[in-house]
Every structure is written in C-alpha cells, then in structure tokens.
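Novice: Got a file for you: final.csv, CSV, C-alpha atoms and all ligand atoms.
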chain,number,residue,atom,x,y,z
B,20,MET,CA,-96.8,-100.2,28.7
B,21,THR,CA,-98.2,-99.5,32.2
B,22,ALA,CA,-101.8,-99.1,33.3
B,23,GLY,CA,-102.9,-98.0,36.7
B,24,GLY,CA,-105.8,-96.7,38.8
B,25,GLY,CA,-106.3,-97.0,42.6
B,26,ALA,CA,-104.5,-100.3,42.5
B,27,ALA,CA,-100.8,-101.0,41.9
B,28,ALA,CA,-99.8,-101.0,38.2
B,29,VAL,CA,-100.3,-103.7,35.6
B,30,THR,CA,-97.3,-103.7,33.3
B,31,VAL,CA,-97.6,-105.3,29.8
B,32,VAL,CA,-94.1,-106.3,28.7
B,33,ASP,CA,-94.5,-105.7,25.0
B,34,HIS,CA,-90.8,-106.2,24.1
B,35,PRO,CA,-90.6,-107.8,20.6
B,36,LEU,CA,-88.7,-110.8,21.8
B,37,VAL,CA,-91.4,-111.6,24.4
B,38,GLN,CA,-94.2,-111.1,21.9
B,39,HIS,CA,-92.5,-113.3,19.2
B,40,LYS,CA,-91.9,-116.1,21.7
B,41,LEU,CA,-95.4,-115.8,23.1
B,42,THR,CA,-97.0,-116.2,19.7
B,43,MET,CA,-94.9,-119.3,19.2
B,44,MET,CA,-96.2,-120.7,22.5
B,45,ARG,CA,-99.8,-120.0,21.6
B,46,ASP,CA,-99.6,-122.1,18.4
B,47,ARG,CA,-101.5,-125.3,19.1
B,48,ASP,CA,-98.9,-127.3,17.1
B,49,ARG,CA,-96.0,-126.3,19.4
B,50,SER,CA,-94.4,-129.4,20.9
B,51,THR,CA,-94.2,-129.9,24.7
B,52,LYS,CA,-90.4,-129.4,24.5
B,53,GLY,CA,-90.8,-126.2,22.5
B,54,PHE,CA,-93.5,-124.9,24.8
B,55,ARG,CA,-91.3,-125.5,27.9
B,56,GLU,CA,-88.2,-124.0,26.3
B,57,LEU,CA,-90.1,-120.8,25.3
B,58,LEU,CA,-91.7,-120.4,28.8
B,59,ASN,CA,-88.2,-120.7,30.3
B,60,GLU,CA,-86.9,-118.0,27.9
B,61,ILE,CA,-89.8,-115.7,28.5
B,62,GLY,CA,-89.2,-116.2,32.2
B,63,MET,CA,-85.7,-114.7,31.8
B,64,LEU,CA,-87.0,-111.7,29.9
B,65,LEU,CA,-89.8,-111.1,32.4
B,66,ALA,CA,-87.4,-111.4,35.2
B,67,TYR,CA,-85.3,-108.6,33.6
B,68,GLU,CA,-88.4,-106.3,33.6
B,69,VAL,CA,-89.8,-107.1,37.0
B,70,THR,CA,-86.5,-106.4,38.7
B,71,ARG,CA,-85.8,-103.2,36.9
B,72,ASP,CA,-86.4,-100.9,39.9
B,73,LEU,CA,-84.7,-103.0,42.6
B,74,PRO,CA,-82.7,-100.8,44.9
B,75,LEU,CA,-78.9,-100.7,44.6
B,76,GLU,CA,-76.2,-100.0,47.1
B,77,GLY,CA,-72.6,-99.1,46.8
B,78,ILE,CA,-69.8,-101.6,47.3
B,79,SER,CA,-66.1,-101.0,47.3
B,80,ILE,CA,-64.2,-103.4,45.1
B,81,GLU,CA,-60.8,-103.6,43.4
B,82,THR,CA,-60.6,-104.1,39.6
B,83,PRO,CA,-57.2,-105.3,38.2
B,84,ILE,CA,-56.5,-101.6,37.6
B,85,GLY,CA,-57.6,-100.0,40.9
B,86,PRO,CA,-60.3,-99.4,43.5
B,87,MET,CA,-63.8,-98.4,42.5
B,88,LYS,CA,-67.2,-98.1,44.0
B,89,GLY,CA,-69.5,-100.7,42.3
B,90,ARG,CA,-73.2,-101.2,42.8
B,91,GLN,CA,-75.0,-104.3,43.9
B,92,ILE,CA,-78.6,-105.2,44.7
B,93,ALA,CA,-79.4,-104.1,48.2
B,94,GLY,CA,-81.3,-106.1,50.9
B,95,LYS,CA,-82.0,-109.8,51.4
B,96,LYS,CA,-82.1,-112.3,48.6
B,97,LEU,CA,-85.4,-112.3,46.6
B,98,VAL,CA,-87.9,-115.1,46.8
B,99,LEU,CA,-89.4,-116.7,43.7
B,100,ALA,CA,-92.7,-118.3,44.4
B,101,PRO,CA,-94.0,-120.5,41.6
B,102,ILE,CA,-97.6,-121.7,41.7
B,103,LEU,CA,-97.5,-125.4,40.8
B,104,ARG,CA,-97.5,-126.8,38.3
B,105,ALA,CA,-97.2,-124.3,35.5
B,106,GLY,CA,-95.4,-121.6,37.5
B,107,VAL,CA,-92.4,-123.9,37.7
B,108,GLY,CA,-92.0,-123.2,34.0
B,109,PHE,CA,-90.7,-119.7,34.8
B,110,LEU,CA,-88.4,-120.9,37.5
B,111,ASP,CA,-85.2,-122.1,35.8
B,112,GLY,CA,-85.1,-119.1,33.5
B,113,MET,CA,-85.4,-116.7,36.4
B,114,LEU,CA,-83.0,-118.6,38.6
B,115,SER,CA,-80.4,-118.5,35.9
B,116,LEU,CA,-80.5,-114.7,36.3
B,117,MET,CA,-80.9,-114.7,40.1
B,118,PRO,CA,-79.1,-117.8,41.2
B,119,SER,CA,-79.1,-117.0,44.9
B,120,ALA,CA,-82.9,-116.4,45.1
B,121,ARG,CA,-84.8,-118.4,47.6
B,122,VAL,CA,-87.8,-120.5,46.3
B,123,ALA,CA,-91.3,-120.9,47.8
B,124,HIS,CA,-93.4,-123.6,46.3
B,125,ILE,CA,-97.2,-123.1,46.3
B,126,GLY,CA,-99.2,-126.2,45.2
B,127,LEU,CA,-102.7,-125.1,44.0
B,128,TYR,CA,-105.0,-126.6,41.5
B,129,ARG,CA,-108.2,-125.2,40.1
B,130,ASP,CA,-111.3,-127.2,40.8
B,131,PRO,CA,-112.8,-127.7,37.3
B,132,ASP,CA,-116.4,-127.3,38.5
B,133,THR,CA,-116.1,-124.4,40.9
B,134,LEU,CA,-112.9,-122.9,39.5
B,135,GLN,CA,-111.9,-122.3,43.1
B,136,ALA,CA,-108.2,-122.8,44.0
B,137,VAL,CA,-107.4,-125.9,46.2
B,138,GLU,CA,-104.1,-125.9,48.1
B,139,TYR,CA,-102.2,-129.2,48.3
B,140,TYR,CA,-98.6,-128.0,49.1
B,141,PHE,CA,-96.9,-125.0,50.6
B,142,LYS,CA,-93.2,-124.6,51.6
B,143,SER,CA,-91.5,-121.3,51.8
B,144,PRO,CA,-88.5,-119.6,53.5
B,145,SER,CA,-89.6,-118.4,57.0
B,146,ASP,CA,-88.3,-114.8,56.8
B,147,LEU,CA,-90.7,-113.5,54.1
B,148,ALA,CA,-91.3,-110.1,55.8
B,149,ASP,CA,-87.9,-108.8,54.8
B,150,ARG,CA,-87.8,-110.0,51.2
B,151,THR,CA,-89.3,-109.1,47.8
B,152,VAL,CA,-91.4,-112.0,46.7
B,153,LEU,CA,-92.1,-112.7,43.0
B,154,VAL,CA,-95.2,-114.9,42.6
B,155,LEU,CA,-95.0,-116.8,39.3
B,156,ASP,CA,-97.8,-118.3,37.3
B,157,PRO,CA,-98.2,-118.2,33.5
B,158,MET,CA,-102.0,-117.8,33.6
B,159,LEU,CA,-104.1,-115.2,35.4
B,160,ALA,CA,-107.6,-116.4,34.4
B,161,THR,CA,-110.3,-116.0,37.1
B,162,ALA,CA,-107.3,-115.0,39.4
B,163,ASN,CA,-108.6,-117.5,42.1
B,164,SER,CA,-105.2,-119.2,42.2
B,165,ALA,CA,-103.2,-115.9,42.2
B,166,VAL,CA,-105.4,-114.4,45.0
B,167,ALA,CA,-105.1,-117.5,47.1
B,168,ALA,CA,-101.3,-117.7,46.6
B,169,VAL,CA,-100.8,-114.1,47.6
B,170,GLU,CA,-103.1,-114.5,50.6
B,171,ARG,CA,-101.0,-117.5,51.8
B,172,LEU,CA,-97.7,-115.6,51.3
B,173,LYS,CA,-99.1,-112.6,53.2
B,174,SER,CA,-100.3,-114.8,56.0
B,175,ARG,CA,-96.6,-115.9,56.3
B,176,GLY,CA,-95.5,-112.3,56.6
B,177,ALA,CA,-94.8,-111.3,53.0
B,178,LYS,CA,-95.3,-107.6,52.5
B,179,ASP,CA,-93.5,-106.7,49.2
B,180,LEU,CA,-95.0,-108.9,46.5
B,181,ARG,CA,-95.1,-108.8,42.7
B,182,PHE,CA,-97.1,-111.1,40.4
B,183,VAL,CA,-95.6,-112.2,37.1
B,184,CYS,CA,-97.6,-114.0,34.5
B,185,LEU,CA,-97.6,-114.6,30.7
B,186,LEU,CA,-101.3,-114.1,29.9
B,187,ALA,CA,-104.0,-112.3,31.8
B,188,ALA,CA,-107.8,-112.1,31.3
B,189,PRO,CA,-109.3,-108.7,32.0
B,190,GLU,CA,-111.6,-110.4,34.5
B,191,GLY,CA,-108.6,-111.8,36.4
B,192,ILE,CA,-106.8,-108.5,36.5
B,193,ALA,CA,-109.9,-106.8,38.0
B,194,ARG,CA,-110.4,-109.5,40.6
B,195,PHE,CA,-106.7,-109.6,41.5
B,196,GLN,CA,-106.5,-105.8,41.9
B,197,GLU,CA,-109.6,-105.8,44.0
B,198,ALA,CA,-108.2,-108.5,46.4
B,199,HIS,CA,-104.6,-107.3,46.4
B,200,PRO,CA,-104.4,-103.6,45.4
B,201,ASP,CA,-100.9,-103.4,46.8
B,202,VAL,CA,-99.5,-106.1,44.4
B,203,PRO,CA,-98.3,-104.9,41.0
B,204,VAL,CA,-98.6,-107.3,38.0
B,205,TRP,CA,-96.3,-107.9,35.1
B,206,THR,CA,-97.8,-109.8,32.1
B,207,ALA,CA,-96.8,-110.4,28.4
B,208,ALA,CA,-100.4,-109.9,27.2
B,209,ILE,CA,-103.9,-109.1,28.3
B,210,ASP,CA,-106.3,-111.3,26.2
B,211,GLU,CA,-109.9,-110.7,25.3
B,212,ARG,CA,-111.9,-112.6,28.0
B,213,LEU,CA,-112.6,-115.9,29.8
B,214,ASN,CA,-114.8,-118.5,28.2
B,215,GLU,CA,-117.6,-120.4,30.1
B,216,HIS,CA,-115.0,-122.9,31.4
B,217,GLY,CA,-112.8,-120.2,32.8
B,218,TYR,CA,-110.2,-120.5,30.1
B,219,ILE,CA,-108.5,-117.4,28.6
B,220,VAL,CA,-109.6,-116.6,25.0
B,221,PRO,CA,-107.7,-116.8,22.7
B,222,GLY,CA,-105.1,-117.8,25.3
B,223,LEU,CA,-102.9,-120.8,24.8
B,224,GLY,CA,-104.9,-123.6,26.4
B,225,ASP,CA,-104.0,-125.4,29.6
B,226,ALA,CA,-100.5,-124.3,30.5
B,227,GLY,CA,-99.7,-127.1,32.9
B,228,ASP,CA,-100.8,-129.8,30.4
B,229,ARG,CA,-98.9,-128.2,27.6
B,230,MET,CA,-95.8,-127.9,29.7
B,231,TYR,CA,-95.8,-131.5,30.9
B,232,GLY,CA,-97.7,-133.3,28.0
B,233,THR,CA,-100.4,-134.5,30.4
B,234,ARG,CA,-103.4,-134.4,28.1
X,301,LIG,C1,-103.8,-123.2,36.0
X,301,LIG,C2,-102.7,-122.1,35.9
X,301,LIG,C3,-103.0,-121.3,37.1
X,301,LIG,C4,-104.5,-121.3,37.1
X,301,LIG,C5,-105.1,-120.1,36.6
X,301,LIG,O1,-103.4,-124.1,36.9
X,301,LIG,O2,-101.4,-122.6,35.9
X,301,LIG,O3,-102.4,-121.7,38.3
X,301,LIG,O4,-104.9,-122.5,36.3
X,301,LIG,O5,-106.5,-120.1,36.7
X,301,LIG,P1,-107.2,-119.1,37.7
X,301,LIG,O6,-106.7,-117.7,37.5
X,301,LIG,O7,-108.7,-119.2,37.2
X,301,LIG,O8,-107.1,-119.6,39.1
X,301,LIG,P2,-104.2,-125.5,37.1
X,301,LIG,O9,-105.2,-125.4,38.2
X,301,LIG,O10,-104.8,-126.0,35.8
X,301,LIG,O11,-103.1,-126.5,37.7
X,301,LIG,P3,-101.8,-127.0,37.0
X,301,LIG,O12,-100.9,-125.9,36.8
X,301,LIG,O13,-101.3,-128.0,37.9
X,301,LIG,O14,-102.2,-127.7,35.7
X,302,LIG,N1,-105.4,-122.2,33.3
X,302,LIG,C1,-104.8,-122.4,32.2
X,302,LIG,O1,-103.8,-123.2,32.1
X,302,LIG,N2,-105.3,-121.8,31.0
X,302,LIG,C2,-106.3,-121.0,31.0
X,302,LIG,O2,-106.7,-120.5,30.0
X,302,LIG,C3,-107.0,-120.8,32.3
X,302,LIG,C4,-106.5,-121.3,33.4
Can you present the structure in this file as structure tokens?
Ligand code: PRP
Ligand code: URA

Specialist:
Amino acid sequence: MTAGGGAAAVTVVDHPLVQHKLTMMRDRDRSTKGFRELLNEIGMLLAYEVTRDLPLEGISIETPIGPMKGRQIAGKKLVLAPILRAGVGFLDGMLSLMPSARVAHIGLYRDPDTLQAVEYYFKSPSDLADRTVLVLDPMLATANSAVAAVERLKSRGAKDLRFVCLLAAPEGIARFQEAHPDVPVWTAAIDERLNEHGYIVPGLGDAGDRMYGTR
C-alpha cells in the first residue's frame, strides 16, 4: 500500500507475515528475547520490500551447462544506517540478506523533556554520495530523531536515502515529509497518534528498552 503527495511515497508493508509478527511484538507480555528475534525477522522482510526497485545490470557467467547473462545489483554497495539503539534491531536481519552492505552508526537519544534528538555518536563510510543509504529505526514518533539522522547523513554527502521503520505516527510522517520530501518511507504500520509524552498510540512502548531489557 503506497500513499503519496508532493513528498516521496510512504509505503505500508502490509504483508501478512509482517503484520502477524508486528502484533506479536506489540504484546506487552512478549519477552525481550522474543521481541528482539521478531524485530530481526521483520527487518529481513522489510529489507526485501525496500530493495525491490534497486537497479540491476547484466553479468556474464558460466553455469555448469554453459554461458549465460545473469543479473546483479548495479552500483556501489548499500549503506545501512541504524539509529542507536533500537535501529540496531533491524541490522542483523538486513545484513543477512545484504552481507556486503556498509554500516553507518548514528547515536541519537530523545531528550525526555524536550523530545529533541541529541547526537552522541556518528561513524559512517566516507563515500556516501555514490550509495543508497537505508536509515533504520523501528519508531517514527515525533520524527525528531529521523529528521536529525537524515540531516547528518545529507551533510556527509548522502543523496539517495530511504527511511525504514516498524511503526509510524501520522504526526511523525507529516514532520518527516516536510523536512525531507525527497526521502521515501517504508513502515509496517501507521498508528493512531502520539500521546502527551511523544509515545506512539497504541504502539509497542519503548523499543530500545524492550529490545535490551533496560526498564
Ligand atoms: C526512540 C526510537 C527512535 C526515537 C523515536 O529512541 O528508537 O530513535 O525514540 O522518537 P522520535 O521520532 O520522537 O524522535 P530513544 O531516544 O528512546 O533511544 P534508544 O533507542 O536508545 O532507547
Ligand atoms: N520511541 C519509542 O521507542 N517508542 C515510542 O512510542 C516513541 C518513541
């Protein structure tokens, strides 16, 4: 399902496997182990969708029977850019499908009072201008973190970016599209709204804490 406007599209990945696993993740009684495993599995499924239109090029190979022209993904290796901490939950699943991808780590936390994103770490490959960058974070709430992460990557030269999340709030999508109308979004669901603390309703709670058992 894809929705658009002036900004790049928002694609809701409504595949039954994704929806089933997402419902399991939302359950407040899901264990830390289960939550992490499901995020990893959904990461794989979202990777499949977000890379669907990557350009291919011909390559000559020999099968055991004879020569053929195969197809391979064209251009430089992709960059996966997880926003710490929760974005790391997507990383292993995506790397298992794209084992040669480069990784950019973006350390951001949301100030609980102002809800502004505060950067504490950034490390990325230097040649971002020539690569497709997949920015990863399960939660798009106010979008302050996503907007800041994409700004940082653009300031380092990235031009071709895609944002991948698990849950988005309508407010977060609007803010993200306003700030970065050139960056398409893939999400497994768009929930109802944000609450007064900036949490997604009904959501799944604090993704980082649920992944790492920190609260
Ligand atoms: C969470 C989540 C996103 C951010 C989303 O991170 O993983 O990065 O909040 O909220 P926003 O759209 O309003 O910016 P958090 O700051 O809790 O850090 P953590 O992943 O280290 O727990
Ligand atoms: N960050 C989370 O982890 N969950 C939310 O609902 C909002 C921001």

Novice: Figure out the distance between CA of Asp201 in chain B and CA of Val169 in chain B, please, to one decimal in Å.

Specialist: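 It comes out at 10.7 Å.
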
Novice: Let me have all residues with an atom within 10 Å of ligand LIG 301 (chain X), counting all atoms listed in the file, laid out as a PyMOL selection string.

Specialist: chain B and resi 101-108+125-131+133-138+155-168+184+186-188+190-192+194-195+213+216-219+224-231+233

Novice: Tell me which protein, DNA and RNA residues are within 12 Å of Gln38 in chain B, counting all atoms listed in the file, leaving out same-chain ones fewer than 3 positions away, and put them as a list of chain:residue names.

Specialist: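 The neighbour list is B:Val31, B:Val32, B:Asp33, B:His34, B:Pro35, B:Leu41, B:Thr42, B:Met43, B:Met44, B:Arg45, B:Leu57, B:Leu58, B:Glu60, B:Ile61, B:Leu64, B:Leu65, B:Leu185, B:Leu186, B:Thr206, B:Ala207, B:Ala208, B:Ile209.
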
Novice: Kindly extract all protein, DNA and RNA residues lying within 8 Å of the coordinates (-88.3, -114.8, 52.1) given in the file, considering only C-alpha atoms, and supply them as an MDAnalysis selection string.

Specialist: chainID B and resid 96:98 121 143:152 177

Novice: Pick the closest to Val204 in chain B from B:Phe182, B:Tyr67, B:Phe54, B:Tyr139: which is it, counting only C-alpha atoms?

Specialist: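 For Val204 in chain B, the nearest of the given residues is B:Phe182.
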
Novice: Hey, can you check how far CA of His39 in chain B sits from CA of Ala100 in chain B?

Specialist: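 So the answer is 25.7 Å.
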
Novice: Take CA of Ser115 in chain B and CA of Phe141 in chain B and report the distance between them in Å, one decimal.

Specialist: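 Atom-to-atom, CA of Ser115 in chain B and CA of Phe141 in chain B are spaced 23.0 Å apart.
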
Novice: Please determine, counting only C-alpha atoms, which residue among B:Arg47, B:Gly89, B:Arg175, B:Gly77 has the shortest atom-to-atom distance to Ala123 in chain B.

Specialist: B:Arg175

Novice: Can you pull out every residue within 9 Å of Ala66 in chain B, counting only C-alpha atoms, but drop anything in the same chain fewer than 5 positions away, and send it as a PyMOL selection string?

Specialist: chain B and resi 61+71+109+112-113+116-117+183

Novice: Got a sec: who's within 8 Å of Pro221 in chain B, counting all atoms listed in the file, leaving out chain neighbours fewer than 5 positions off, as a list in words?

Specialist: Asp210, Glu211 and Arg212 of chain B

Novice: Under the rule that all atoms listed in the file are counted, which of B:Asn214, B:Arg234, B:Asp132, B:Leu153 is the nearest residue to ligand LIG 302 (chain X)?

Specialist: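 Ranking B:Asn214, B:Arg234, B:Asp132, B:Leu153 by distance to ligand LIG 302 (chain X), first place goes to B:Asn214.
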
Novice: I'd like the contact shell of Ala27 in chain B - 6 Å cut-off, only C-alpha atoms, skipping same-chain residues fewer than 4 positions apart - returned as a list in words.

Specialist: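 Close residues of Ala27 in chain B: Pro200, Asp201, Val202 and Pro203 of chain B.
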
Novice: Between B:Gly62, B:Pro189, B:Gly232, B:Gly222, which is the closest to ligand LIG 302 (chain X) once you count all atoms listed in the file?

Specialist: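 That would be B:Gly222, the residue with the smallest distance to ligand LIG 302 (chain X).
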